[in-house]
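See below for coords13.cif, which holds mmCIF, C-alpha atoms.
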```cif
data_protein
#
loop_
_atom_site.group_PDB
_atom_site.id
_atom_site.type_symbol
_atom_site.label_atom_id
_atom_site.label_comp_id
_atom_site.auth_asym_id
_atom_site.auth_seq_id
_atom_site.Cartn_x
_atom_site.Cartn_y
_atom_site.Cartn_z
ATOM 1 C CA MET A 1 114.235 -48.415 -140.480
ATOM 2 C CA PRO A 2 110.702 -48.220 -139.066
ATOM 3 C CA VAL A 3 109.689 -49.149 -135.531
ATOM 4 C CA PHE A 4 106.544 -51.289 -135.476
ATOM 5 C CA LEU A 5 103.970 -50.981 -132.692
ATOM 6 C CA ILE A 6 102.237 -54.315 -132.235
ATOM 7 C CA GLY A 7 99.374 -55.419 -130.019
ATOM 8 C CA LEU A 8 95.693 -56.158 -129.809
ATOM 9 C CA PRO A 9 93.028 -53.908 -131.275
ATOM 10 C CA GLY A 10 92.460 -51.254 -128.615
ATOM 11 C CA SER A 11 96.047 -51.354 -127.356
ATOM 12 C CA GLY A 12 96.642 -47.832 -128.678
ATOM 13 C CA LYS A 13 98.782 -48.488 -131.752
ATOM 14 C CA SER A 14 97.272 -45.650 -133.798
ATOM 15 C CA THR A 15 96.874 -43.119 -130.980
ATOM 16 C CA ILE A 16 100.230 -43.818 -129.350
ATOM 17 C CA GLY A 17 101.922 -44.215 -132.728
ATOM 18 C CA GLN A 18 100.962 -40.720 -133.858
ATOM 19 C CA ALA A 19 102.062 -39.238 -130.514
ATOM 20 C CA VAL A 20 105.405 -41.078 -130.670
ATOM 21 C CA ALA A 21 106.029 -39.995 -134.269
ATOM 22 C CA ASP A 22 105.293 -36.391 -133.295
ATOM 23 C CA ARG A 23 107.709 -36.592 -130.356
ATOM 24 C CA LEU A 24 110.465 -38.080 -132.514
ATOM 25 C CA ALA A 25 109.711 -35.914 -135.574
ATOM 26 C CA VAL A 26 109.445 -38.939 -137.874
ATOM 27 C CA PRO A 27 106.608 -40.031 -140.186
ATOM 28 C CA PHE A 28 103.702 -42.060 -138.828
ATOM 29 C CA VAL A 29 102.247 -44.856 -140.970
ATOM 30 C CA ASP A 30 98.908 -46.395 -139.988
ATOM 31 C CA PHE A 31 98.480 -49.543 -142.080
ATOM 32 C CA ASP A 32 94.691 -49.541 -141.790
ATOM 33 C CA ARG A 33 94.545 -46.028 -143.303
ATOM 34 C CA GLU A 34 97.108 -46.954 -145.978
ATOM 35 C CA ILE A 35 95.180 -50.105 -146.898
ATOM 36 C CA GLU A 36 91.863 -48.237 -147.007
ATOM 37 C CA ARG A 37 93.416 -45.607 -149.270
ATOM 38 C CA ALA A 38 94.985 -48.198 -151.601
ATOM 39 C CA ALA A 39 91.809 -50.311 -151.794
ATOM 40 C CA ALA A 40 89.446 -47.311 -151.887
ATOM 41 C CA LYS A 41 87.218 -48.982 -149.297
ATOM 42 C CA SER A 42 86.999 -49.493 -145.553
ATOM 43 C CA ILE A 43 88.657 -52.392 -143.753
ATOM 44 C CA SER A 44 85.234 -53.797 -142.842
ATOM 45 C CA ARG A 45 84.209 -53.708 -146.538
ATOM 46 C CA ILE A 46 87.435 -55.448 -147.552
ATOM 47 C CA PHE A 47 86.707 -58.231 -145.053
ATOM 48 C CA ALA A 48 83.033 -58.473 -146.070
ATOM 49 C CA GLU A 49 83.584 -58.404 -149.830
ATOM 50 C CA GLU A 50 86.998 -60.010 -150.255
ATOM 51 C CA GLY A 51 87.761 -61.795 -146.987
ATOM 52 C CA GLU A 52 90.610 -61.833 -144.523
ATOM 53 C CA PRO A 53 93.101 -63.409 -146.993
ATOM 54 C CA ARG A 54 92.760 -60.359 -149.266
ATOM 55 C CA PHE A 55 93.248 -58.029 -146.310
ATOM 56 C CA ARG A 56 96.448 -59.915 -145.402
ATOM 57 C CA GLU A 57 97.659 -59.504 -149.009
ATOM 58 C CA LEU A 58 97.064 -55.759 -148.791
ATOM 59 C CA GLU A 59 98.893 -55.710 -145.455
ATOM 60 C CA PHE A 60 101.816 -57.518 -147.088
ATOM 61 C CA GLU A 61 101.853 -54.969 -149.920
ATOM 62 C CA ALA A 62 101.818 -52.081 -147.423
ATOM 63 C CA THR A 63 104.800 -53.626 -145.646
ATOM 64 C CA GLY A 64 106.690 -53.797 -148.924
ATOM 65 C CA ARG A 65 106.055 -50.091 -149.574
ATOM 66 C CA LEU A 66 107.580 -48.925 -146.291
ATOM 67 C CA PRO A 67 110.569 -46.626 -146.559
ATOM 68 C CA GLY A 68 113.863 -47.782 -145.117
ATOM 69 C CA THR A 69 114.047 -44.570 -143.111
ATOM 70 C CA PRO A 70 112.975 -44.030 -139.498
ATOM 71 C CA ALA A 71 109.212 -44.037 -139.012
ATOM 72 C CA ILE A 72 106.645 -45.247 -136.510
ATOM 73 C CA VAL A 73 104.325 -47.865 -137.991
ATOM 74 C CA ALA A 74 100.994 -49.077 -136.616
ATOM 75 C CA PRO A 75 100.227 -52.315 -138.464
ATOM 76 C CA GLY A 76 97.017 -54.239 -137.933
ATOM 77 C CA ALA A 77 96.827 -56.424 -134.841
ATOM 78 C CA GLY A 78 97.336 -59.596 -136.902
ATOM 79 C CA TRP A 79 100.244 -58.270 -138.968
ATOM 80 C CA ILE A 80 102.829 -59.998 -136.784
ATOM 81 C CA SER A 81 101.164 -63.367 -137.422
ATOM 82 C CA ASN A 82 101.100 -62.952 -141.218
ATOM 83 C CA GLU A 83 103.504 -65.598 -142.577
ATOM 84 C CA ALA A 84 103.984 -63.676 -145.827
ATOM 85 C CA VAL A 85 105.173 -60.621 -143.886
ATOM 86 C CA ARG A 86 107.668 -62.727 -141.958
ATOM 87 C CA VAL A 87 109.019 -64.111 -145.251
ATOM 88 C CA LEU A 88 109.214 -60.615 -146.774
ATOM 89 C CA VAL A 89 110.898 -59.195 -143.703
ATOM 90 C CA PRO A 90 112.329 -62.033 -141.579
ATOM 91 C CA ARG A 91 113.086 -59.557 -138.816
ATOM 92 C CA PRO A 92 110.566 -56.801 -139.474
ATOM 93 C CA GLY A 93 112.518 -54.100 -137.721
ATOM 94 C CA PRO A 94 112.295 -53.117 -134.118
ATOM 95 C CA THR A 95 108.972 -53.963 -132.498
ATOM 96 C CA ILE A 96 107.323 -52.542 -129.394
ATOM 97 C CA TYR A 97 104.423 -54.503 -127.942
ATOM 98 C CA LEU A 98 101.715 -52.275 -126.498
ATOM 99 C CA ARG A 99 100.379 -54.768 -123.982
ATOM 100 C CA VAL A 100 96.763 -54.449 -122.877
ATOM 101 C CA GLU A 101 94.311 -56.790 -121.194
ATOM 102 C CA PRO A 102 91.417 -57.868 -123.449
ATOM 103 C CA ARG A 103 88.893 -56.358 -121.019
ATOM 104 C CA THR A 104 90.587 -52.943 -121.204
ATOM 105 C CA ALA A 105 90.903 -53.153 -124.996
ATOM 106 C CA ALA A 106 87.190 -53.988 -125.320
ATOM 107 C CA LEU A 107 86.277 -51.002 -123.142
ATOM 108 C CA ARG A 108 88.494 -48.692 -125.206
ATOM 109 C CA LEU A 109 86.978 -49.892 -128.460
ATOM 110 C CA GLY A 110 83.442 -49.533 -127.151
ATOM 111 C CA ALA A 111 80.879 -49.283 -129.924
ATOM 112 C CA GLY A 112 83.722 -49.063 -132.464
ATOM 113 C CA ALA A 113 84.326 -52.797 -132.009
ATOM 114 C CA ALA A 114 81.313 -53.396 -134.254
ATOM 115 C CA ASP A 115 83.354 -51.996 -137.174
ATOM 116 C CA ARG A 116 86.131 -54.537 -136.639
ATOM 117 C CA PRO A 117 85.420 -57.780 -138.507
ATOM 118 C CA LEU A 118 87.521 -60.021 -136.251
ATOM 119 C CA LEU A 119 85.692 -58.808 -133.130
ATOM 120 C CA ALA A 120 82.155 -59.704 -134.215
ATOM 121 C CA GLY A 121 79.909 -61.016 -131.469
ATOM 122 C CA ASP A 122 81.526 -60.672 -128.044
ATOM 123 C CA PRO A 123 84.546 -58.333 -128.452
ATOM 124 C CA LYS A 124 86.111 -59.251 -125.100
ATOM 125 C CA LYS A 125 85.911 -62.961 -125.876
ATOM 126 C CA GLU A 126 87.302 -62.412 -129.384
ATOM 127 C CA LEU A 127 90.157 -60.302 -127.986
ATOM 128 C CA GLU A 128 90.960 -63.100 -125.517
ATOM 129 C CA ARG A 129 91.023 -65.559 -128.418
ATOM 130 C CA LEU A 130 93.274 -63.302 -130.502
ATOM 131 C CA LEU A 131 95.640 -62.784 -127.571
ATOM 132 C CA ALA A 132 95.881 -66.524 -126.936
ATOM 133 C CA ALA A 133 96.755 -67.102 -130.598
ATOM 134 C CA ARG A 134 99.297 -64.251 -130.849
ATOM 135 C CA HIS A 135 100.695 -64.037 -127.329
ATOM 136 C CA ARG A 136 104.041 -65.652 -128.168
ATOM 137 C CA LEU A 137 104.584 -63.365 -131.167
ATOM 138 C CA TYR A 138 103.629 -60.236 -129.234
ATOM 139 C CA GLU A 139 105.859 -61.144 -126.282
ATOM 140 C CA SER A 140 108.851 -61.640 -128.603
ATOM 141 C CA ALA A 141 108.936 -57.881 -129.288
ATOM 142 C CA ASP A 142 112.122 -55.922 -128.685
ATOM 143 C CA ALA A 143 110.348 -53.937 -125.959
ATOM 144 C CA ILE A 144 107.045 -54.084 -124.097
ATOM 145 C CA VAL A 145 104.982 -51.174 -122.779
ATOM 146 C CA ASP A 146 101.976 -51.856 -120.570
ATOM 147 C CA THR A 147 99.102 -49.587 -121.564
ATOM 148 C CA ASP A 148 96.374 -50.760 -119.174
ATOM 149 C CA GLN A 149 96.734 -48.336 -116.291
ATOM 150 C CA TYR A 150 98.522 -45.362 -117.790
ATOM 151 C CA GLN A 151 97.463 -42.150 -119.482
ATOM 152 C CA ILE A 152 98.231 -41.620 -123.157
ATOM 153 C CA ASP A 153 101.003 -39.094 -122.429
ATOM 154 C CA HIS A 154 102.814 -41.521 -120.126
ATOM 155 C CA VAL A 155 102.571 -44.415 -122.596
ATOM 156 C CA ALA A 156 103.581 -42.189 -125.522
ATOM 157 C CA GLN A 157 106.604 -40.832 -123.650
ATOM 158 C CA ARG A 158 107.796 -44.294 -122.589
ATOM 159 C CA THR A 159 107.215 -45.682 -126.080
ATOM 160 C CA ALA A 160 109.061 -42.730 -127.654
ATOM 161 C CA GLU A 161 112.052 -43.342 -125.369
ATOM 162 C CA LEU A 162 112.149 -47.009 -126.345
ATOM 163 C CA ALA A 163 111.615 -46.289 -130.048
ATOM 164 C CA SER A 164 114.410 -43.720 -130.023
ATOM 165 C CA ALA A 165 116.779 -46.194 -128.379
ATOM 166 C CA LEU A 166 115.811 -48.940 -130.843
ATOM 167 C CA LEU A 167 116.300 -46.629 -133.824
ATOM 168 C CA GLN A 168 119.715 -45.545 -132.563
ATOM 169 C CA HIS A 169 120.736 -49.133 -131.881
ATOM 170 C CA ARG A 170 119.641 -50.313 -135.358
ATOM 171 C CA THR A 171 121.491 -47.546 -137.174
ATOM 172 C CA LYS A 172 124.853 -48.268 -135.541
#
```

Could you rewrite the structure in this file as structure tokens?
Amino acid sequence: MPVFLIGLPGSGKSTIGQAVADRLAVPFVDFDREIERAAAKSISRIFAEEGEPRFRELEFEATGRLPGTPAIVAPGAGWISNEAVRVLVPRPGPTIYLRVEPRTAALRLGAGAADRPLLAGDPKKELERLLAARHRLYESADAIVDTDQYQIDHVAQRTAELASALLQHRTK
């Protein structure tokens, strides 16, 4: 069963996810890359040409393709709020919330925020809005790791420890 890393854009889901998967010697699945590969276009093009509802459909399809074996999965930041995903997988497997303040996330994203359709305009303000809308879902995760003031190695190690414990607990 996969462990899902959830959190805002800029929380470190992709970076930390790959490091955790390497530490645990399990596959890493980055939904954005999987969706781009399946759609043969970038996430920003999907949003521009087909809209957010189509992106959420592709996200749902990616969830359905996940193996039932251990893996670390970095879904999009809004994956946890996708009703269709929650119907498909009422309890989507163990979740770890990579908690970050919107200001820190905006700084991490830097110029890359321009490539993220939901962060158009003022990225910090949009991140605050997204956090307000998803806070309850994020905080309901099985575990929470604060990423604001720690180096990648520290966050990856702590997340790997939690993911390992969650995987062991779920397979018993």

Closest of A:Glu34, A:Asp142, A:Asp148, A:Glu83 to His169 of chain A - atom-to-atom distances counting only C-alpha atoms: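 Residue with the minimum atom-to-atom distance to His169 of chain A: A:Asp142.
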
TODO: Name the residues that the PyMOL selection byres ((chain A and resi 95) around 12) pulls out of this structure, and write them as an NGL selection string.
DONE: :A and (1-7 or 13 or 71-75 or 79-80 or 91-94 or 96-98 or 137-145 or 159 or 162-167 or 170)

Pairwise distance, atom CA of Asp30 of chain A with atom CA of Lys124 of chain A, equals 23.5 Å

**Message:** Could you list, as a ChimeraX atom specification, every residue within 9 Å of segment 104-109 of chain A, counting only C-alpha atoms and ignoring same-chain residues fewer than 4 positions away?
**Reply:** /A:8-12,100,113-114,123-124,127,148

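Residues having any atom no farther than 12 Å from (107.3, -36.5, -130.4) (counting only C-alpha atoms) are A:Ile16, A:Gly17, A:Gln18, A:Ala19, A:Val20, A:Ala21, A:Asp22, A:Arg23, A:Leu24, A:Ala25, A:Val26, A:Pro27, A:Phe28, A:Ala71, A:Ile72, A:Asp153, A:Ala156, A:Gln157, A:Arg158, A:Thr159, A:Ala160, A:Glu161, A:Ala163, A:Ser164.
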
Using C-alpha atoms, can you write the selected residues to a file as a compact mmCIF listing (two decimals), in the frame of the given file?
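Saved the output as again_0.txt:
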```txt
# COMPACT_ATOMS: atom_id res chain seq x y z
CA ILE A 16 100.23 -43.82 -129.35
CA GLY A 17 101.92 -44.22 -132.73
CA GLN A 18 100.96 -40.72 -133.86
CA ALA A 19 102.06 -39.24 -130.51
CA VAL A 20 105.40 -41.08 -130.67
CA ALA A 21 106.03 -39.99 -134.27
CA ASP A 22 105.29 -36.39 -133.29
CA ARG A 23 107.71 -36.59 -130.36
CA LEU A 24 110.46 -38.08 -132.51
CA ALA A 25 109.71 -35.91 -135.57
CA VAL A 26 109.44 -38.94 -137.87
CA PRO A 27 106.61 -40.03 -140.19
CA PHE A 28 103.70 -42.06 -138.83
CA ALA A 71 109.21 -44.04 -139.01
CA ILE A 72 106.64 -45.25 -136.51
CA ASP A 153 101.00 -39.09 -122.43
CA ALA A 156 103.58 -42.19 -125.52
CA GLN A 157 106.60 -40.83 -123.65
CA ARG A 158 107.80 -44.29 -122.59
CA THR A 159 107.22 -45.68 -126.08
CA ALA A 160 109.06 -42.73 -127.65
CA GLU A 161 112.05 -43.34 -125.37
CA ALA A 163 111.62 -46.29 -130.05
CA SER A 164 114.41 -43.72 -130.02
```

Just write segment 71-167 of chain A with C-alpha atoms, as a PDB file, in the first residue's frame, taken from the block above.
```
ATOM      1  CA  ALA A  71       5.499   3.066  -2.629  1.00  0.00           C
ATOM      2  CA  ILE A  72       5.880   6.744  -1.830  1.00  0.00           C
ATOM      3  CA  VAL A  73       3.404   8.890  -3.753  1.00  0.00           C
ATOM      4  CA  ALA A  74       3.497  12.654  -4.282  1.00  0.00           C
ATOM      5  CA  PRO A  75       0.016  13.619  -5.480  1.00  0.00           C
ATOM      6  CA  GLY A  76      -0.883  17.158  -6.457  1.00  0.00           C
ATOM      7  CA  ALA A  77      -1.620  19.574  -3.631  1.00  0.00           C
ATOM      8  CA  GLY A  78      -5.375  19.392  -4.291  1.00  0.00           C
ATOM      9  CA  TRP A  79      -5.549  15.601  -4.576  1.00  0.00           C
ATOM     10  CA  ILE A  80      -6.770  15.201  -1.001  1.00  0.00           C
ATOM     11  CA  SER A  81      -9.726  17.498  -1.717  1.00  0.00           C
ATOM     12  CA  ASN A  82     -10.807  15.620  -4.862  1.00  0.00           C
ATOM     13  CA  GLU A  83     -14.187  14.052  -4.005  1.00  0.00           C
ATOM     14  CA  ALA A  84     -13.806  11.427  -6.736  1.00  0.00           C
ATOM     15  CA  VAL A  85     -10.536  10.238  -5.184  1.00  0.00           C
ATOM     16  CA  ARG A  86     -12.179   9.931  -1.779  1.00  0.00           C
ATOM     17  CA  VAL A  87     -14.964   7.829  -3.332  1.00  0.00           C
ATOM     18  CA  LEU A  88     -12.440   5.650  -5.192  1.00  0.00           C
ATOM     19  CA  VAL A  89     -10.304   5.206  -2.107  1.00  0.00           C
ATOM     20  CA  PRO A  90     -12.322   6.117   1.010  1.00  0.00           C
ATOM     21  CA  ARG A  91      -9.171   5.875   3.096  1.00  0.00           C
ATOM     22  CA  PRO A  92      -6.448   6.551   0.547  1.00  0.00           C
ATOM     23  CA  GLY A  93      -3.719   4.796   2.458  1.00  0.00           C
ATOM     24  CA  PRO A  94      -1.398   6.290   4.983  1.00  0.00           C
ATOM     25  CA  THR A  95      -0.882  10.025   4.573  1.00  0.00           C
ATOM     26  CA  ILE A  96       1.922  12.263   5.798  1.00  0.00           C
ATOM     27  CA  TYR A  97       1.285  15.999   5.736  1.00  0.00           C
ATOM     28  CA  LEU A  98       4.383  18.007   4.867  1.00  0.00           C
ATOM     29  CA  ARG A  99       3.371  21.187   6.653  1.00  0.00           C
ATOM     30  CA  VAL A 100       4.796  24.479   5.415  1.00  0.00           C
ATOM     31  CA  GLU A 101       3.818  28.107   5.874  1.00  0.00           C
ATOM     32  CA  PRO A 102       2.543  29.773   2.677  1.00  0.00           C
ATOM     33  CA  ARG A 103       5.338  32.364   2.851  1.00  0.00           C
ATOM     34  CA  THR A 104       8.012  29.641   2.920  1.00  0.00           C
ATOM     35  CA  ALA A 105       6.295  27.693   0.130  1.00  0.00           C
ATOM     36  CA  ALA A 106       6.147  30.827  -2.049  1.00  0.00           C
ATOM     37  CA  LEU A 107       9.858  31.458  -1.483  1.00  0.00           C
ATOM     38  CA  ARG A 108      10.707  27.851  -2.371  1.00  0.00           C
ATOM     39  CA  LEU A 109       8.666  27.993  -5.556  1.00  0.00           C
ATOM     40  CA  GLY A 110      10.190  31.302  -6.595  1.00  0.00           C
ATOM     41  CA  ALA A 111       9.847  31.963 -10.305  1.00  0.00           C
ATOM     42  CA  GLY A 112       8.505  28.417 -10.763  1.00  0.00           C
ATOM     43  CA  ALA A 113       5.198  29.546  -9.247  1.00  0.00           C
ATOM     44  CA  ALA A 114       4.382  31.133 -12.607  1.00  0.00           C
ATOM     45  CA  ASP A 115       4.114  27.610 -14.078  1.00  0.00           C
ATOM     46  CA  ARG A 116       1.486  26.589 -11.527  1.00  0.00           C
ATOM     47  CA  PRO A 117      -2.019  27.501 -12.709  1.00  0.00           C
ATOM     48  CA  LEU A 118      -3.580  27.713  -9.239  1.00  0.00           C
ATOM     49  CA  LEU A 119      -0.921  30.182  -8.057  1.00  0.00           C
ATOM     50  CA  ALA A 120      -1.453  32.842 -10.727  1.00  0.00           C
ATOM     51  CA  GLY A 121      -1.134  36.417  -9.531  1.00  0.00           C
ATOM     52  CA  ASP A 122       0.183  36.594  -5.967  1.00  0.00           C
ATOM     53  CA  PRO A 123       1.540  33.109  -5.090  1.00  0.00           C
ATOM     54  CA  LYS A 124       1.701  33.767  -1.340  1.00  0.00           C
ATOM     55  CA  LYS A 125      -1.903  34.955  -1.262  1.00  0.00           C
ATOM     56  CA  GLU A 126      -3.037  31.996  -3.384  1.00  0.00           C
ATOM     57  CA  LEU A 127      -1.156  29.573  -1.115  1.00  0.00           C
ATOM     58  CA  GLU A 128      -2.881  31.133   1.912  1.00  0.00           C
ATOM     59  CA  ARG A 129      -6.231  30.649   0.176  1.00  0.00           C
ATOM     60  CA  LEU A 130      -5.444  27.026  -0.697  1.00  0.00           C
ATOM     61  CA  LEU A 131      -4.309  26.308   2.860  1.00  0.00           C
ATOM     62  CA  ALA A 132      -7.482  27.815   4.315  1.00  0.00           C
ATOM     63  CA  ALA A 133      -9.589  25.619   2.024  1.00  0.00           C
ATOM     64  CA  ARG A 134      -7.616  22.399   2.643  1.00  0.00           C
ATOM     65  CA  HIS A 135      -6.337  22.845   6.187  1.00  0.00           C
ATOM     66  CA  ARG A 136      -8.773  20.379   7.766  1.00  0.00           C
ATOM     67  CA  LEU A 137      -7.979  17.685   5.192  1.00  0.00           C
ATOM     68  CA  TYR A 138      -4.224  18.180   5.508  1.00  0.00           C
ATOM     69  CA  GLU A 139      -4.339  18.116   9.315  1.00  0.00           C
ATOM     70  CA  SER A 140      -6.271  14.821   9.271  1.00  0.00           C
ATOM     71  CA  ALA A 141      -3.165  13.023   7.957  1.00  0.00           C
ATOM     72  CA  ASP A 142      -1.792  10.021   9.814  1.00  0.00           C
ATOM     73  CA  ALA A 143       1.398  11.971  10.545  1.00  0.00           C
ATOM     74  CA  ILE A 144       2.634  15.541  10.187  1.00  0.00           C
ATOM     75  CA  VAL A 145       6.171  16.717   9.434  1.00  0.00           C
ATOM     76  CA  ASP A 146       7.000  20.412   9.636  1.00  0.00           C
ATOM     77  CA  THR A 147       9.225  21.397   6.725  1.00  0.00           C
ATOM     78  CA  ASP A 148       9.628  25.139   7.335  1.00  0.00           C
ATOM     79  CA  GLN A 149      12.854  25.290   9.304  1.00  0.00           C
ATOM     80  CA  TYR A 150      14.605  22.043   8.478  1.00  0.00           C
ATOM     81  CA  GLN A 151      17.054  20.895   5.835  1.00  0.00           C
ATOM     82  CA  ILE A 152      15.960  18.364   3.232  1.00  0.00           C
ATOM     83  CA  ASP A 153      17.973  15.537   4.831  1.00  0.00           C
ATOM     84  CA  HIS A 154      16.320  16.075   8.216  1.00  0.00           C
ATOM     85  CA  VAL A 155      12.806  16.200   6.744  1.00  0.00           C
ATOM     86  CA  ALA A 156      13.483  13.188   4.505  1.00  0.00           C
ATOM     87  CA  GLN A 157      14.836  11.135   7.409  1.00  0.00           C
ATOM     88  CA  ARG A 158      11.892  11.974   9.682  1.00  0.00           C
ATOM     89  CA  THR A 159       9.406  11.328   6.879  1.00  0.00           C
ATOM     90  CA  ALA A 160      11.096   8.007   6.031  1.00  0.00           C
ATOM     91  CA  GLU A 161      10.840   6.910   9.674  1.00  0.00           C
ATOM     92  CA  LEU A 162       7.139   7.752   9.750  1.00  0.00           C
ATOM     93  CA  ALA A 163       6.462   6.177   6.348  1.00  0.00           C
ATOM     94  CA  SER A 164       8.238   2.988   7.391  1.00  0.00           C
ATOM     95  CA  ALA A 165       6.178   2.788  10.578  1.00  0.00           C
ATOM     96  CA  LEU A 166       2.942   3.441   8.668  1.00  0.00           C
ATOM     97  CA  LEU A 167       3.777   0.789   6.073  1.00  0.00           C
TER      98      LEU A 167
END
```
